[in-house]
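Notes follow once the structure below has been shown.
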Amino acid sequence: MVTGGSRGIGRAIVRRLAADGARVVFGYRQDRAAAEALTRELDGVVAVQADLADPGSVDALFAPVGDGLDILVNNAAVNPPCPISELTAADFDRVMAVNARFPLLAMQRAATLLRDGGRIINISTLNTAMPAPGIALYAASKAALEQFTAVASREFGGRGITVNTVSPGATDTDLLRATNPPEVLEQTTSFTALGRIGEPADIAAVVAFLAGPDAGWITGQNLRATGGLLI
Ligand SMILES: NC(=O)c1ccc[n+]([C@@H]2O[C@H](COP(=O)([O-])OP(=O)(O)OC[C@H]3O[C@@H](n4cnc5c(N)ncnc54)[C@H](OP(=O)(O)O)[C@@H]3O)[C@@H](O)[C@H]2O)c1
């Protein structure tokens, strides 16, 4: 199960997990054309439309899963940039609902479906360690997600289920381009040890490692995959 699989990092994760042999169900909110293109591209992959701000979306997303699950990737998120001076209560509720409440409810549901040795991987951001103006709700919601991850790793560990965070740095997606002008991206590249912006496949590779058998002894961690933007 991968949320936000229609575009960006989520789509790369769907492609990578499918290539590694997983039967993937992914969620999306509105980009039906992109979701359908991916289901045409990959045999056996199932797409589910649901807005994660709606608490009923947990039932919708998990409906095709049946009675067994191996991997949950909470990837979908929103980041509507807004200075603190202009934030509203409605902004708070929406960002927290999509970025923190849904992943928590999805972990709760997954815990009833995951086979022993299962994997939960939550996608956060380097911004919880590297704050920037205009992202108070985004950073706070991801900080909550990181704490849910840490606590869940203790609660689910007895069954061999690992729960980890992957925190990407700047990664070339619609979200990055919508929230950063080109000059900021140039500056970001110059601050990144590996000298480029990340590609979605870079993050998918880290997720695939944590989802695979070689990462069975890693849990409760926050793996910052930033190409050396944050050291
Ligand atoms: N890109 C970066 O530089 C970067 C850096 C750090 C962390 N991240 C994290 O990486 C993850 C993926 O980011 P991205 O850059 O790939 O984002 P993106 O290009 O904006 O894609 C977001 C995905 O999430 C889905 N989605 C958004 N809101 C939703 C909602 N309310 N209900 C259901 N689905 C929803 C979108 O569906 P639709 O296609 O239908 O809209 C889309 O599939 C996020 O958790 C983000 O915080 C990204």
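Residue names in the structure tokens use chain letters A, B, ... in the order shown, residue numbers from 1 in each chain, and ligand numbers from 1 in the order shown.
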Within 7 Å of stretch 200-207 of chain A, counting only C-alpha atoms, which residues show up once you throw out same-chain ones fewer than 2 positions away? Write them as a compact mmCIF listing (two decimals) with N, CA, C and O atoms, in the first residue's frame, please.
```txt
# COMPACT_ATOMS: atom_id res chain seq x y z
N GLY A 8 5.21 11.97 -8.69
CA GLY A 8 6.36 12.27 -7.84
C GLY A 8 7.00 11.06 -7.17
O GLY A 8 7.17 9.99 -7.78
N ILE A 9 7.36 11.24 -5.92
CA ILE A 9 8.08 10.21 -5.17
C ILE A 9 7.22 8.96 -5.03
O ILE A 9 7.70 7.83 -5.17
N ALA A 12 7.32 6.78 -8.08
CA ALA A 12 8.61 6.06 -8.16
C ALA A 12 8.62 4.88 -7.18
O ALA A 12 9.18 3.82 -7.49
N ILE A 13 8.00 5.07 -6.02
CA ILE A 13 7.95 3.98 -5.03
C ILE A 13 7.07 2.85 -5.57
O ILE A 13 7.43 1.67 -5.46
N ARG A 16 9.06 1.02 -8.20
CA ARG A 16 10.17 0.24 -7.65
C ARG A 16 9.66 -1.00 -6.90
O ARG A 16 10.19 -2.11 -7.08
N PRO A 168 13.24 12.72 2.73
CA PRO A 168 13.94 13.18 1.53
C PRO A 168 14.44 14.62 1.69
O PRO A 168 13.85 15.41 2.44
N THR A 171 13.73 17.01 -3.91
CA THR A 171 13.54 15.93 -4.88
C THR A 171 12.65 16.45 -6.00
O THR A 171 11.63 17.10 -5.73
N ASP A 172 13.04 16.16 -7.24
CA ASP A 172 12.41 16.82 -8.38
C ASP A 172 10.99 16.29 -8.64
O ASP A 172 10.81 15.28 -9.32
N GLY A 198 17.64 15.73 -5.92
CA GLY A 198 17.33 14.31 -5.95
C GLY A 198 16.28 13.97 -6.99
O GLY A 198 15.48 14.82 -7.40
N PHE A 209 14.87 -0.54 0.06
CA PHE A 209 15.81 -1.16 1.00
C PHE A 209 15.12 -1.42 2.34
O PHE A 209 15.17 -2.53 2.88
N LEU A 210 14.43 -0.40 2.88
CA LEU A 210 13.77 -0.58 4.18
C LEU A 210 12.64 -1.60 4.09
O LEU A 210 12.31 -2.25 5.08
N ALA A 211 12.03 -1.73 2.91
CA ALA A 211 10.93 -2.68 2.72
C ALA A 211 11.45 -4.11 2.54
O ALA A 211 10.68 -5.06 2.67
N ALA A 225 17.53 10.97 3.49
CA ALA A 225 18.06 10.74 2.14
C ALA A 225 18.03 12.07 1.40
O ALA A 225 17.05 12.41 0.73
```
Please tabulate, as a Markdown table, the residues of stretch 109-155 of chain A that come within 12 Å of stretch 176-188 of chain A, each with its closest pair of atoms and the distance in Å to one decimal, counting only C-alpha atoms and ordering rows by chain, then residue number upward.
```
| residue | atom | partner | partner_atom | distance |
| --- | --- | --- | --- | --- |
| A:Thr125 | CA | A:Leu176 | CA | 11.6 |
| A:Ala132 | CA | A:Asn180 | CA | 11.3 |
| A:Pro133 | CA | A:Thr179 | CA | 11.3 |
| A:Gly134 | CA | A:Thr179 | CA | 9.8 |
| A:Ile135 | CA | A:Thr179 | CA | 9.8 |
| A:Tyr138 | CA | A:Thr179 | CA | 11.8 |
```
* All residues within 7 Å of ligand 1 are required, counting only C-alpha atoms and all ligand atoms; please report them as a PyMOL selection string. => chain A and resi 3-10+27-32+34+50-53+75-78+98+123-126+167-176
* Asked: Using the chain letters and numbers from this document, which residues of stretch 71-179 of chain A does DSSP assign to strand (DSSP E), as a PyMOL selection string?
  -> chain A and resi 71-74+114-123+162-168
Deliver the residues from the most recent selection as a file, using N, CA, C and O atoms, as a compact mmCIF listing (two decimals), in the first residue's frame.
```
# COMPACT_ATOMS: atom_id res chain seq x y z
N ILE A 71 3.55 -4.34 3.30
CA ILE A 71 4.27 -3.05 3.33
C ILE A 71 3.25 -1.91 3.26
O ILE A 71 2.37 -1.91 2.38
N LEU A 72 3.36 -0.95 4.17
CA LEU A 72 2.60 0.30 4.07
C LEU A 72 3.59 1.44 3.91
O LEU A 72 4.52 1.58 4.72
N VAL A 73 3.40 2.27 2.88
CA VAL A 73 4.21 3.47 2.71
C VAL A 73 3.28 4.68 2.76
O VAL A 73 2.47 4.90 1.86
N ASN A 74 3.38 5.45 3.84
CA ASN A 74 2.63 6.70 3.96
C ASN A 74 3.44 7.79 3.29
O ASN A 74 4.39 8.34 3.88
N LEU A 114 -1.06 -6.40 8.69
CA LEU A 114 0.32 -6.73 8.37
C LEU A 114 0.68 -8.12 8.87
O LEU A 114 0.39 -8.46 10.03
N ARG A 115 1.34 -8.88 8.00
CA ARG A 115 1.87 -10.17 8.44
C ARG A 115 3.10 -9.91 9.32
O ARG A 115 3.71 -8.84 9.23
N ASP A 116 3.43 -10.88 10.19
CA ASP A 116 4.64 -10.75 11.01
C ASP A 116 5.82 -10.44 10.09
O ASP A 116 5.93 -11.01 9.00
N GLY A 117 6.69 -9.54 10.53
CA GLY A 117 7.83 -9.15 9.69
C GLY A 117 7.48 -8.08 8.67
O GLY A 117 8.29 -7.77 7.80
N GLY A 118 6.30 -7.50 8.80
CA GLY A 118 5.86 -6.46 7.85
C GLY A 118 6.64 -5.16 8.01
O GLY A 118 7.48 -5.02 8.92
N ARG A 119 6.35 -4.24 7.11
CA ARG A 119 7.10 -2.98 7.08
C ARG A 119 6.16 -1.78 7.00
O ARG A 119 5.22 -1.79 6.19
N ILE A 120 6.45 -0.77 7.82
CA ILE A 120 5.78 0.53 7.66
C ILE A 120 6.87 1.57 7.43
O ILE A 120 7.85 1.64 8.18
N ILE A 121 6.70 2.36 6.37
CA ILE A 121 7.68 3.39 6.02
C ILE A 121 6.91 4.70 5.83
O ILE A 121 5.99 4.77 5.00
N ASN A 122 7.27 5.68 6.63
CA ASN A 122 6.58 6.97 6.58
C ASN A 122 7.51 8.01 5.98
O ASN A 122 8.68 8.13 6.39
N ILE A 123 6.99 8.76 5.01
CA ILE A 123 7.84 9.75 4.33
C ILE A 123 7.68 11.09 5.03
O ILE A 123 6.59 11.68 5.06
N THR A 162 8.80 -3.63 11.29
CA THR A 162 9.65 -2.45 11.44
C THR A 162 8.88 -1.21 10.99
O THR A 162 8.04 -1.29 10.08
N VAL A 163 9.16 -0.11 11.67
CA VAL A 163 8.49 1.16 11.36
C VAL A 163 9.57 2.24 11.29
O VAL A 163 10.25 2.51 12.28
N ASN A 164 9.76 2.81 10.13
CA ASN A 164 10.82 3.79 9.92
C ASN A 164 10.33 5.01 9.15
O ASN A 164 9.33 4.94 8.44
N THR A 165 11.09 6.08 9.31
CA THR A 165 10.87 7.30 8.54
C THR A 165 11.95 7.42 7.46
O THR A 165 13.11 7.13 7.74
N VAL A 166 11.54 7.83 6.27
CA VAL A 166 12.50 8.28 5.26
C VAL A 166 12.25 9.78 5.05
O VAL A 166 11.13 10.19 4.76
N SER A 167 13.31 10.57 5.23
CA SER A 167 13.19 12.02 5.05
C SER A 167 13.95 12.47 3.83
O SER A 167 15.19 12.57 3.87
N PRO A 168 13.24 12.72 2.73
CA PRO A 168 13.94 13.18 1.53
C PRO A 168 14.44 14.62 1.69
O PRO A 168 13.85 15.41 2.44
```
* To do: Check chain A with DSSP on the backbone and list each residue it calls alpha helix (DSSP H), as a PyMOL selection string.
  => chain A and resi 8-19+32-41+57-62+89-96+102-113+136-156+174-179+182-191+200-211
A:Ala97 surroundings by only C-alpha atoms, 10 Å radius, close-in-sequence under 2 positions cut, as a PDB file with all heavy atoms, in the first residue's frame:
```pdb
ATOM      1  N   LEU A  52      -7.381  12.061   1.490  1.00  0.00           N
ATOM      2  CA  LEU A  52      -6.942  11.603   2.815  1.00  0.00           C
ATOM      3  C   LEU A  52      -7.398  12.533   3.934  1.00  0.00           C
ATOM      4  O   LEU A  52      -7.292  12.178   5.107  1.00  0.00           O
ATOM      5  CB  LEU A  52      -5.418  11.450   2.843  1.00  0.00           C
ATOM      6  CG  LEU A  52      -4.818  10.535   1.770  1.00  0.00           C
ATOM      7  CD1 LEU A  52      -3.336  10.303   2.046  1.00  0.00           C
ATOM      8  CD2 LEU A  52      -5.547   9.206   1.659  1.00  0.00           C
ATOM      9  N   ALA A  53      -7.901  13.710   3.578  1.00  0.00           N
ATOM     10  CA  ALA A  53      -8.464  14.596   4.599  1.00  0.00           C
ATOM     11  C   ALA A  53      -9.784  14.055   5.133  1.00  0.00           C
ATOM     12  O   ALA A  53     -10.244  14.472   6.199  1.00  0.00           O
ATOM     13  CB  ALA A  53      -8.677  16.002   4.022  1.00  0.00           C
ATOM     14  N   ASP A  54     -10.371  13.126   4.391  1.00  0.00           N
ATOM     15  CA  ASP A  54     -11.652  12.522   4.787  1.00  0.00           C
ATOM     16  C   ASP A  54     -11.366  11.274   5.639  1.00  0.00           C
ATOM     17  O   ASP A  54     -10.725  10.340   5.135  1.00  0.00           O
ATOM     18  CB  ASP A  54     -12.421  12.171   3.509  1.00  0.00           C
ATOM     19  CG  ASP A  54     -13.632  11.302   3.770  1.00  0.00           C
ATOM     20  OD1 ASP A  54     -13.968  11.064   4.946  1.00  0.00           O
ATOM     21  OD2 ASP A  54     -14.232  10.852   2.772  1.00  0.00           O
ATOM     22  N   PRO A  55     -11.842  11.227   6.884  1.00  0.00           N
ATOM     23  CA  PRO A  55     -11.525  10.058   7.728  1.00  0.00           C
ATOM     24  C   PRO A  55     -11.993   8.739   7.099  1.00  0.00           C
ATOM     25  O   PRO A  55     -11.388   7.687   7.324  1.00  0.00           O
ATOM     26  CB  PRO A  55     -12.273  10.334   9.032  1.00  0.00           C
ATOM     27  CG  PRO A  55     -12.559  11.790   9.037  1.00  0.00           C
ATOM     28  CD  PRO A  55     -12.618  12.241   7.608  1.00  0.00           C
ATOM     29  N   ALA A  77       1.274  13.809   0.871  1.00  0.00           N
ATOM     30  CA  ALA A  77       1.299  14.962   1.777  1.00  0.00           C
ATOM     31  C   ALA A  77       0.978  16.214   0.997  1.00  0.00           C
ATOM     32  O   ALA A  77       1.090  16.246  -0.235  1.00  0.00           O
ATOM     33  CB  ALA A  77       2.672  15.097   2.438  1.00  0.00           C
ATOM     34  N   VAL A  78       0.591  17.248   1.729  1.00  0.00           N
ATOM     35  CA  VAL A  78       0.383  18.565   1.128  1.00  0.00           C
ATOM     36  C   VAL A  78       1.264  19.580   1.846  1.00  0.00           C
ATOM     37  O   VAL A  78       1.579  19.428   3.023  1.00  0.00           O
ATOM     38  CB  VAL A  78      -1.101  19.003   1.199  1.00  0.00           C
ATOM     39  CG1 VAL A  78      -1.946  18.188   0.233  1.00  0.00           C
ATOM     40  CG2 VAL A  78      -1.653  18.912   2.612  1.00  0.00           C
ATOM     41  N   ASP A  91      -6.696  25.842   7.627  1.00  0.00           N
ATOM     42  CA  ASP A  91      -5.407  25.394   7.070  1.00  0.00           C
ATOM     43  C   ASP A  91      -4.777  24.348   7.993  1.00  0.00           C
ATOM     44  O   ASP A  91      -4.282  23.313   7.546  1.00  0.00           O
ATOM     45  CB  ASP A  91      -4.414  26.565   6.943  1.00  0.00           C
ATOM     46  CG  ASP A  91      -4.851  27.611   5.944  1.00  0.00           C
ATOM     47  OD1 ASP A  91      -5.558  27.255   4.982  1.00  0.00           O
ATOM     48  OD2 ASP A  91      -4.476  28.791   6.132  1.00  0.00           O
ATOM     49  N   PHE A  92      -4.798  24.664   9.289  1.00  0.00           N
ATOM     50  CA  PHE A  92      -4.217  23.735  10.276  1.00  0.00           C
ATOM     51  C   PHE A  92      -4.893  22.371  10.168  1.00  0.00           C
ATOM     52  O   PHE A  92      -4.225  21.332  10.077  1.00  0.00           O
ATOM     53  CB  PHE A  92      -4.412  24.316  11.685  1.00  0.00           C
ATOM     54  CG  PHE A  92      -3.818  23.470  12.783  1.00  0.00           C
ATOM     55  CD1 PHE A  92      -2.559  23.738  13.295  1.00  0.00           C
ATOM     56  CD2 PHE A  92      -4.523  22.392  13.316  1.00  0.00           C
ATOM     57  CE1 PHE A  92      -2.000  22.956  14.300  1.00  0.00           C
ATOM     58  CE2 PHE A  92      -3.975  21.603  14.319  1.00  0.00           C
ATOM     59  CZ  PHE A  92      -2.713  21.886  14.816  1.00  0.00           C
ATOM     60  N   ASP A  93      -6.228  22.381  10.163  1.00  0.00           N
ATOM     61  CA  ASP A  93      -6.963  21.114  10.166  1.00  0.00           C
ATOM     62  C   ASP A  93      -6.656  20.300   8.915  1.00  0.00           C
ATOM     63  O   ASP A  93      -6.472  19.084   8.988  1.00  0.00           O
ATOM     64  CB  ASP A  93      -8.466  21.367  10.273  1.00  0.00           C
ATOM     65  CG  ASP A  93      -8.857  21.863  11.656  1.00  0.00           C
ATOM     66  OD1 ASP A  93      -8.017  21.782  12.579  1.00  0.00           O
ATOM     67  OD2 ASP A  93      -9.993  22.345  11.825  1.00  0.00           O
ATOM     68  N   ARG A  94      -6.587  20.948   7.752  1.00  0.00           N
ATOM     69  CA  ARG A  94      -6.399  20.189   6.517  1.00  0.00           C
ATOM     70  C   ARG A  94      -4.985  19.591   6.444  1.00  0.00           C
ATOM     71  O   ARG A  94      -4.827  18.410   6.134  1.00  0.00           O
ATOM     72  CB  ARG A  94      -6.679  21.062   5.287  1.00  0.00           C
ATOM     73  CG  ARG A  94      -6.484  20.277   4.012  1.00  0.00           C
ATOM     74  CD  ARG A  94      -7.175  20.812   2.787  1.00  0.00           C
ATOM     75  NE  ARG A  94      -6.871  19.937   1.653  1.00  0.00           N
ATOM     76  CZ  ARG A  94      -7.582  18.866   1.308  1.00  0.00           C
ATOM     77  NH1 ARG A  94      -8.672  18.546   1.962  1.00  0.00           N
ATOM     78  NH2 ARG A  94      -7.204  18.113   0.289  1.00  0.00           N
ATOM     79  N   VAL A  95      -3.982  20.411   6.719  1.00  0.00           N
ATOM     80  CA  VAL A  95      -2.610  19.900   6.608  1.00  0.00           C
ATOM     81  C   VAL A  95      -2.373  18.789   7.635  1.00  0.00           C
ATOM     82  O   VAL A  95      -1.794  17.739   7.320  1.00  0.00           O
ATOM     83  CB  VAL A  95      -1.579  21.040   6.767  1.00  0.00           C
ATOM     84  CG1 VAL A  95      -0.161  20.491   6.786  1.00  0.00           C
ATOM     85  CG2 VAL A  95      -1.740  22.051   5.633  1.00  0.00           C
ATOM     86  N   ASN A  99      -1.411  15.022   6.425  1.00  0.00           N
ATOM     87  CA  ASN A  99      -0.001  14.669   6.640  1.00  0.00           C
ATOM     88  C   ASN A  99       0.245  13.879   7.926  1.00  0.00           C
ATOM     89  O   ASN A  99       1.268  13.203   8.038  1.00  0.00           O
ATOM     90  CB  ASN A  99       0.857  15.937   6.707  1.00  0.00           C
ATOM     91  CG  ASN A  99       0.895  16.695   5.396  1.00  0.00           C
ATOM     92  OD1 ASN A  99       0.221  16.320   4.432  1.00  0.00           O
ATOM     93  ND2 ASN A  99       1.662  17.767   5.353  1.00  0.00           N
ATOM     94  N   ALA A 100      -0.670  13.998   8.901  1.00  0.00           N
ATOM     95  CA  ALA A 100      -0.413  13.326  10.187  1.00  0.00           C
ATOM     96  C   ALA A 100      -1.554  12.398  10.598  1.00  0.00           C
ATOM     97  O   ALA A 100      -1.308  11.243  10.939  1.00  0.00           O
ATOM     98  CB  ALA A 100      -0.170  14.372  11.278  1.00  0.00           C
ATOM     99  N   ARG A 101      -2.798  12.880  10.543  1.00  0.00           N
ATOM    100  CA  ARG A 101      -3.896  12.019  11.025  1.00  0.00           C
ATOM    101  C   ARG A 101      -4.080  10.787  10.135  1.00  0.00           C
ATOM    102  O   ARG A 101      -4.166   9.664  10.636  1.00  0.00           O
ATOM    103  CB  ARG A 101      -5.217  12.813  11.085  1.00  0.00           C
ATOM    104  CG  ARG A 101      -6.351  11.995  11.712  1.00  0.00           C
ATOM    105  CD  ARG A 101      -7.648  12.787  11.736  1.00  0.00           C
ATOM    106  NE  ARG A 101      -8.154  13.029  10.375  1.00  0.00           N
ATOM    107  CZ  ARG A 101      -9.146  13.856  10.095  1.00  0.00           C
ATOM    108  NH1 ARG A 101      -9.732  14.551  11.063  1.00  0.00           N
ATOM    109  NH2 ARG A 101      -9.550  14.014   8.847  1.00  0.00           N
ATOM    110  N   PHE A 102      -4.127  11.010   8.808  1.00  0.00           N
ATOM    111  CA  PHE A 102      -4.319   9.841   7.942  1.00  0.00           C
ATOM    112  C   PHE A 102      -3.206   8.801   8.135  1.00  0.00           C
ATOM    113  O   PHE A 102      -3.499   7.608   8.314  1.00  0.00           O
ATOM    114  CB  PHE A 102      -4.450  10.203   6.453  1.00  0.00           C
ATOM    115  CG  PHE A 102      -4.593   8.957   5.633  1.00  0.00           C
ATOM    116  CD1 PHE A 102      -5.843   8.421   5.377  1.00  0.00           C
ATOM    117  CD2 PHE A 102      -3.473   8.249   5.194  1.00  0.00           C
ATOM    118  CE1 PHE A 102      -5.976   7.212   4.690  1.00  0.00           C
ATOM    119  CE2 PHE A 102      -3.593   7.043   4.515  1.00  0.00           C
ATOM    120  CZ  PHE A 102      -4.850   6.526   4.266  1.00  0.00           C
ATOM    121  N   PRO A 103      -1.925   9.202   8.096  1.00  0.00           N
ATOM    122  CA  PRO A 103      -0.885   8.178   8.282  1.00  0.00           C
ATOM    123  C   PRO A 103      -1.019   7.421   9.598  1.00  0.00           C
ATOM    124  O   PRO A 103      -0.759   6.221   9.654  1.00  0.00           O
ATOM    125  CB  PRO A 103       0.418   8.986   8.231  1.00  0.00           C
ATOM    126  CG  PRO A 103       0.085  10.193   7.450  1.00  0.00           C
ATOM    127  CD  PRO A 103      -1.346  10.515   7.745  1.00  0.00           C
ATOM    128  N   LEU A 104      -1.446   8.131  10.650  1.00  0.00           N
ATOM    129  CA  LEU A 104      -1.627   7.448  11.938  1.00  0.00           C
ATOM    130  C   LEU A 104      -2.747   6.414  11.839  1.00  0.00           C
ATOM    131  O   LEU A 104      -2.583   5.258  12.259  1.00  0.00           O
ATOM    132  CB  LEU A 104      -1.947   8.478  13.028  1.00  0.00           C
ATOM    133  CG  LEU A 104      -2.214   7.881  14.415  1.00  0.00           C
ATOM    134  CD1 LEU A 104      -0.959   7.206  14.975  1.00  0.00           C
ATOM    135  CD2 LEU A 104      -2.709   8.958  15.380  1.00  0.00           C
ATOM    136  N   SER A 141       3.415  18.990  10.965  1.00  0.00           N
ATOM    137  CA  SER A 141       2.689  17.746  10.687  1.00  0.00           C
ATOM    138  C   SER A 141       3.672  16.591  10.466  1.00  0.00           C
ATOM    139  O   SER A 141       3.442  15.465  10.891  1.00  0.00           O
ATOM    140  CB  SER A 141       1.778  17.910   9.462  1.00  0.00           C
ATOM    141  OG  SER A 141       2.543  18.168   8.298  1.00  0.00           O
TER     142      SER A 141
END
```
* Structure fact -> Students should find that atom CA of A:Phe156 and atom CA of A:Asn222 are spaced 16.6 Å
* Asked: Could you state the separation of atom CA of A:Ala33 and atom CA of A:Val48 in Å, given to one decimal place?
  ->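 The value is 12.5 Å.
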* At what distance in Å, to one decimal, does atom CA of A:Ala18 lie from atom CA of A:Gln49? -> 19.2 Å
* **Among listed residues A:Ala47, A:Ile218, A:Ala89, A:Ala208, nearest A:Ala22 (using only C-alpha atoms)** =>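 Checking each of A:Ala47, A:Ile218, A:Ala89, A:Ala208 against A:Ala22, counting only C-alpha atoms, the winner is A:Ala208.
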* To do: Check the smallest atom-to-atom distance from each of A:Leu137, A:Glu41, A:Met1, A:Gly220 to A:Ala90 using only C-alpha atoms, then report the winner.
  =>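 The closest residue to A:Ala90 is A:Leu137.
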